[in-house]
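Participant: Just passing along the structure, written as structure tokens.
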Amino acid sequence: MIKFFSLLFLCFTLLSSNDKSFENIFKEFNVNGTLVVTTLKSDELYVYNSKRADKRFCSASTFKIPHTLIALNENLITTKDDIIEWDGVKRGYELWNKDQTLQSAISVSCVWCYKQFAQKISKEKYIDYLLKFNYGNKTVGEDKSSFWLNGDLKISAYEQIDFLKKLYNENLPVSKNNISIVKYIITVDANDKYELKAKSGWDGAIGWYIGYVKTNNKVYFFSLNADIKKEELNLRKEIVYKALKSKKIL
């Protein structure tokens with residue numbers, strides 16, 4: 001998997017495989033996981049648990065970033081404000097039980113919205129996009145309605161960074177307008193010092209928090225995955241924010 005990265009990135013990884021400040025943060029929260037933080041050119045790289053960072057896990061809802069690009073590119077939806085009609089089925093999470101937009105679907109991580117898209121996208125098209133995006137293990141499996149949730153599609157923390165860099169650079173085989181829509185809807189924090197874009201994920205065992213933060217003079221990409229229980233979901237974001245603050249990025 002590391003072969004997808006430049007020699008420079010690999011060299012930095014080997015030199016920075018267990019950042020001490022990140023290690024202390026994981027110990028403070030008593031969480032087992034990994035975190036990678038790096039710049040666009042990898043001239044700065046901070047890694048905790050590099051061995052795990054190279055291991056693939058279920059993509060879970062982090063796949064909503066490329067999935068949204070696919071849905072837009074297939075014209076299943078055209079703007080961030082288009083209505084995704086609720087099917088009327090009551091689900092366990094109340095915020096899902098209403099019509100959605102791309103903006104709301106991302107923010108509440110609405111599973112049924114993306115399963116609705118999956119009904120209209122063939123397995124062959126999914127595979128083609130995964131290959132073109134060079135995304136994780138590029139596997140759809142037998143059930144295309146939930147391959148990003150059931151463990152068929154897997155990706156490593158390093159590979160998440162690689163994909164996010166392509167998103168930032170608009171180096172993906174979709175229109176720049178669609179990339180701009182996705183960048184807009186994953187914005188979770190913005191002020192006069194930085195703009196932070198992120199997406200969480202959780203498959204019931206592994207929690208993700210990935211994204212990038214654009215400061216006044218640099219862009220930093222981050223990718224966390226960790227063994228997370230339901231009552232610990234808030235720790236995904238907390239660990240990342242504390243880590244970014246420890247490097248004076250935030």
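Here, A, B, ... name the chains of the structure tokens in the order displayed, residue numbers run from 1 inside each chain, and ligands are numbered from 1 in the same displayed order.
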Can you tell me, as a PyMOL selection string, what residues are no more than 8 Å from A:Ser200 when counting only C-alpha atoms, ignoring any on the same chain fewer than 4 positions away?
Facilitator: chain A and resi 61-62+207-210+236
Participant: Would you export the selected residues with all heavy atoms as a PDB file, in the first residue's frame, please?
Facilitator:
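part26.pdb, written as the output of this step:
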```pdb
ATOM      1  N   SER A  61     -18.303   5.751   6.537  1.00  0.00           N
ATOM      2  CA  SER A  61     -18.874   6.964   5.947  1.00  0.00           C
ATOM      3  C   SER A  61     -17.845   7.937   5.397  1.00  0.00           C
ATOM      4  O   SER A  61     -18.226   8.956   4.807  1.00  0.00           O
ATOM      5  CB  SER A  61     -19.767   7.674   6.968  1.00  0.00           C
ATOM      6  OG  SER A  61     -21.001   6.986   7.096  1.00  0.00           O
ATOM      7  N   THR A  62     -16.548   7.661   5.558  1.00  0.00           N
ATOM      8  CA  THR A  62     -15.577   8.511   4.878  1.00  0.00           C
ATOM      9  C   THR A  62     -15.733   8.378   3.369  1.00  0.00           C
ATOM     10  O   THR A  62     -15.345   9.278   2.619  1.00  0.00           O
ATOM     11  CB  THR A  62     -14.125   8.170   5.270  1.00  0.00           C
ATOM     12  OG1 THR A  62     -13.807   6.833   4.849  1.00  0.00           O
ATOM     13  CG2 THR A  62     -13.926   8.291   6.776  1.00  0.00           C
ATOM     14  N   GLY A 207     -13.385   3.833  14.066  1.00  0.00           N
ATOM     15  CA  GLY A 207     -13.825   5.199  13.824  1.00  0.00           C
ATOM     16  C   GLY A 207     -12.803   5.968  13.007  1.00  0.00           C
ATOM     17  O   GLY A 207     -11.593   5.788  13.178  1.00  0.00           O
ATOM     18  N   TRP A 208     -13.298   6.810  12.107  1.00  0.00           N
ATOM     19  CA  TRP A 208     -12.450   7.637  11.248  1.00  0.00           C
ATOM     20  C   TRP A 208     -12.731   9.120  11.487  1.00  0.00           C
ATOM     21  O   TRP A 208     -13.856   9.511  11.804  1.00  0.00           O
ATOM     22  CB  TRP A 208     -12.752   7.372   9.781  1.00  0.00           C
ATOM     23  CG  TRP A 208     -12.315   6.082   9.178  1.00  0.00           C
ATOM     24  CD1 TRP A 208     -13.061   4.945   9.010  1.00  0.00           C
ATOM     25  CD2 TRP A 208     -11.024   5.786   8.605  1.00  0.00           C
ATOM     26  NE1 TRP A 208     -12.322   3.979   8.368  1.00  0.00           N
ATOM     27  CE2 TRP A 208     -11.072   4.462   8.109  1.00  0.00           C
ATOM     28  CE3 TRP A 208      -9.841   6.529   8.463  1.00  0.00           C
ATOM     29  CZ2 TRP A 208      -9.977   3.874   7.485  1.00  0.00           C
ATOM     30  CZ3 TRP A 208      -8.749   5.939   7.842  1.00  0.00           C
ATOM     31  CH2 TRP A 208      -8.826   4.617   7.360  1.00  0.00           C
ATOM     32  N   TYR A 209     -11.698   9.924  11.277  1.00  0.00           N
ATOM     33  CA  TYR A 209     -11.879  11.373  11.121  1.00  0.00           C
ATOM     34  C   TYR A 209     -10.789  11.829  10.166  1.00  0.00           C
ATOM     35  O   TYR A 209      -9.597  11.787  10.482  1.00  0.00           O
ATOM     36  CB  TYR A 209     -11.782  12.122  12.453  1.00  0.00           C
ATOM     37  CG  TYR A 209     -12.436  13.490  12.401  1.00  0.00           C
ATOM     38  CD1 TYR A 209     -13.813  13.599  12.256  1.00  0.00           C
ATOM     39  CD2 TYR A 209     -11.687  14.668  12.494  1.00  0.00           C
ATOM     40  CE1 TYR A 209     -14.432  14.843  12.201  1.00  0.00           C
ATOM     41  CE2 TYR A 209     -12.299  15.913  12.447  1.00  0.00           C
ATOM     42  CZ  TYR A 209     -13.671  15.999  12.295  1.00  0.00           C
ATOM     43  OH  TYR A 209     -14.297  17.227  12.235  1.00  0.00           O
ATOM     44  N   ILE A 210     -11.195  12.225   8.952  1.00  0.00           N
ATOM     45  CA  ILE A 210     -10.234  12.575   7.910  1.00  0.00           C
ATOM     46  C   ILE A 210     -10.570  13.938   7.339  1.00  0.00           C
ATOM     47  O   ILE A 210     -11.719  14.388   7.412  1.00  0.00           O
ATOM     48  CB  ILE A 210     -10.224  11.532   6.776  1.00  0.00           C
ATOM     49  CG1 ILE A 210     -11.567  11.543   6.023  1.00  0.00           C
ATOM     50  CG2 ILE A 210      -9.939  10.133   7.313  1.00  0.00           C
ATOM     51  CD1 ILE A 210     -11.543  10.864   4.671  1.00  0.00           C
ATOM     52  N   ARG A 236     -13.060  10.945  18.192  1.00  0.00           N
ATOM     53  CA  ARG A 236     -12.416  11.026  16.886  1.00  0.00           C
ATOM     54  C   ARG A 236     -11.993  12.470  16.584  1.00  0.00           C
ATOM     55  O   ARG A 236     -10.839  12.745  16.263  1.00  0.00           O
ATOM     56  CB  ARG A 236     -13.366  10.511  15.787  1.00  0.00           C
ATOM     57  CG  ARG A 236     -13.785   9.070  15.926  1.00  0.00           C
ATOM     58  CD  ARG A 236     -14.936   8.721  14.990  1.00  0.00           C
ATOM     59  NE  ARG A 236     -16.132   9.514  15.272  1.00  0.00           N
ATOM     60  CZ  ARG A 236     -17.273   9.439  14.592  1.00  0.00           C
ATOM     61  NH1 ARG A 236     -17.370   8.623  13.555  1.00  0.00           N
ATOM     62  NH2 ARG A 236     -18.311  10.178  14.911  1.00  0.00           N
TER      63      ARG A 236
END
```
Participant: What parts of stretch 168-230 of chain A does DSSP call strand (DSSP E)? I'd like the answer as a ChimeraX atom specification.
Facilitator: /A:187-190,194-202,206-215,219-227
Participant: Create the file for the chosen residues now, containing C-alpha atoms and written as a PDB file, in the first residue's frame.
Facilitator:
```
ATOM      1  CA  THR A 187     -16.467  22.341   5.646  1.00  0.00           C
ATOM      2  CA  VAL A 188     -16.971  21.924   9.395  1.00  0.00           C
ATOM      3  CA  ASP A 189     -15.000  24.829  10.864  1.00  0.00           C
ATOM      4  CA  ALA A 190     -13.913  28.196   9.488  1.00  0.00           C
ATOM      5  CA  TYR A 194      -8.111  28.508   9.167  1.00  0.00           C
ATOM      6  CA  GLU A 195     -10.724  26.534   7.256  1.00  0.00           C
ATOM      7  CA  LEU A 196     -11.171  22.896   8.206  1.00  0.00           C
ATOM      8  CA  LYS A 197     -12.879  20.285   6.046  1.00  0.00           C
ATOM      9  CA  ALA A 198     -13.561  16.822   7.418  1.00  0.00           C
ATOM     10  CA  LYS A 199     -15.647  13.674   7.344  1.00  0.00           C
ATOM     11  CA  SER A 200     -16.150  11.148  10.108  1.00  0.00           C
ATOM     12  CA  GLY A 201     -16.907   7.449   9.793  1.00  0.00           C
ATOM     13  CA  TRP A 202     -17.690   4.472  11.990  1.00  0.00           C
ATOM     14  CA  ILE A 206     -13.375   1.448  13.737  1.00  0.00           C
ATOM     15  CA  GLY A 207     -13.825   5.199  13.824  1.00  0.00           C
ATOM     16  CA  TRP A 208     -12.450   7.637  11.248  1.00  0.00           C
ATOM     17  CA  TYR A 209     -11.879  11.373  11.121  1.00  0.00           C
ATOM     18  CA  ILE A 210     -10.234  12.575   7.910  1.00  0.00           C
ATOM     19  CA  GLY A 211      -9.848  15.865   6.118  1.00  0.00           C
ATOM     20  CA  TYR A 212      -7.624  18.872   5.719  1.00  0.00           C
ATOM     21  CA  VAL A 213      -7.123  22.284   7.239  1.00  0.00           C
ATOM     22  CA  LYS A 214      -6.093  25.305   5.216  1.00  0.00           C
ATOM     23  CA  THR A 215      -4.256  27.928   7.251  1.00  0.00           C
ATOM     24  CA  VAL A 219      -2.483  23.142   3.957  1.00  0.00           C
ATOM     25  CA  TYR A 220      -2.348  20.173   6.332  1.00  0.00           C
ATOM     26  CA  PHE A 221      -4.047  16.839   5.676  1.00  0.00           C
ATOM     27  CA  PHE A 222      -5.072  14.485   8.474  1.00  0.00           C
ATOM     28  CA  SER A 223      -6.316  10.930   8.743  1.00  0.00           C
ATOM     29  CA  LEU A 224      -7.259   9.198  11.964  1.00  0.00           C
ATOM     30  CA  ASN A 225      -8.644   5.750  12.532  1.00  0.00           C
ATOM     31  CA  ALA A 226      -9.083   4.162  15.938  1.00  0.00           C
ATOM     32  CA  ASP A 227     -10.851   1.437  17.864  1.00  0.00           C
TER      33      ASP A 227
END
```
Participant: Could you pull out the helix (DSSP H, G or I) residues of stretch 42-165 of chain A from DSSP and send them as a VMD selection string?
Facilitator: chain A and resid 50 to 53 60 to 73 94 to 96 102 to 107 111 to 118 123 to 133 157 to 165
Participant: Which of these, A:Trp86, A:Phe29, A:Trp148, A:Tyr126, has the shortest distance to A:Ala60 once you count only C-alpha atoms?
Facilitator: A:Trp148
Participant: Pick out the closest residue to A:Tyr135 from this set: A:Gly92, A:Pro66, A:Gly151, A:Gly33. Count only C-alpha atoms.
Facilitator: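 Closest to A:Tyr135 of all the choices is A:Pro66.
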Participant: For a quick check of understanding, using only C-alpha atoms, which of A:Lys98, A:Lys245, A:Asn217, A:Ala157 has the smallest distance to A:Ser21?
Facilitator: A:Lys245
Participant: Could you list, as a list of chain:residue names, every residue within 12 Å of A:Ser175, counting only C-alpha atoms and ignoring same-chain residues fewer than 4 positions away?
Facilitator: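 After dropping sequence-adjacent residues, the list is A:Leu69, A:Ile70, A:Leu72, A:Asn73, A:Glu74, A:Asn75, A:Thr78, A:Leu167, A:Glu170, A:Asn171, A:Ile179, A:Ser180, A:Ile181, A:Val182.
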Participant: Can you write just those residues out, C-alpha atoms, as a PDB file, in the first residue's frame?
Facilitator:
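Below is the file result_30.pdb, written as the result:
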```
ATOM      1  CA  LEU A  69     -18.458  13.020  -6.349  1.00  0.00           C
ATOM      2  CA  ILE A  70     -19.754   9.903  -8.108  1.00  0.00           C
ATOM      3  CA  LEU A  72     -22.767  14.342  -8.892  1.00  0.00           C
ATOM      4  CA  ASN A  73     -20.817  13.059 -11.867  1.00  0.00           C
ATOM      5  CA  GLU A  74     -23.651  10.652 -12.694  1.00  0.00           C
ATOM      6  CA  ASN A  75     -26.127  13.554 -12.490  1.00  0.00           C
ATOM      7  CA  THR A  78     -26.694  18.493  -9.338  1.00  0.00           C
ATOM      8  CA  LEU A 167      -9.422  16.211  -3.995  1.00  0.00           C
ATOM      9  CA  GLU A 170      -8.791  18.834  -8.167  1.00  0.00           C
ATOM     10  CA  ASN A 171      -6.857  15.951  -9.681  1.00  0.00           C
ATOM     11  CA  ILE A 179     -15.294  18.978  -6.610  1.00  0.00           C
ATOM     12  CA  SER A 180     -16.088  22.508  -5.409  1.00  0.00           C
ATOM     13  CA  ILE A 181     -19.508  21.355  -4.191  1.00  0.00           C
ATOM     14  CA  VAL A 182     -17.934  18.544  -2.190  1.00  0.00           C
TER      15      VAL A 182
END
```
Participant: Report the distance between atom CA of A:Ile161 and atom CA of A:Tyr46 in Å, rounded to one decimal place.
Facilitator: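 Computing the Euclidean distance for atom CA of A:Ile161 and atom CA of A:Tyr46 yields 12.4 Å.
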Participant: What does the structure give for the distance between atom CA of A:Val140 and atom CA of A:Asp128, in Å to one decimal?
Facilitator: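 So the answer is 10.4 Å.
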Participant: Find the residue from A:Ala205, A:Leu149, A:Leu40, A:Val174 that sits nearest to A:Lys229; use only C-alpha atoms when measuring.
Facilitator: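 Counting only C-alpha atoms, the residue closest to A:Lys229 is A:Ala205.
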Participant: Quick one: everything within 12 Å of stretch 111-116 of chain A, counting only C-alpha atoms, minus sequence neighbours fewer than 6 positions away in the same chain. Send it as JSON, numbers by chain.
Facilitator: {"A": [60, 61, 62, 63, 64, 65, 66, 67, 68, 69, 70, 71, 72, 76, 77, 83, 84, 85, 86, 87, 88, 89, 90, 91, 92, 93, 95, 96, 97, 98, 99, 100, 101, 102, 103, 104, 105, 143, 144, 145, 146, 147, 148, 149, 201, 202, 203]}
Participant: What is the atom CA of A:Lys247-atom CA of A:Val37 distance in Å, reported with one decimal?
Facilitator: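 Between atom CA of A:Lys247 and atom CA of A:Val37 the gap is 9.7 Å.
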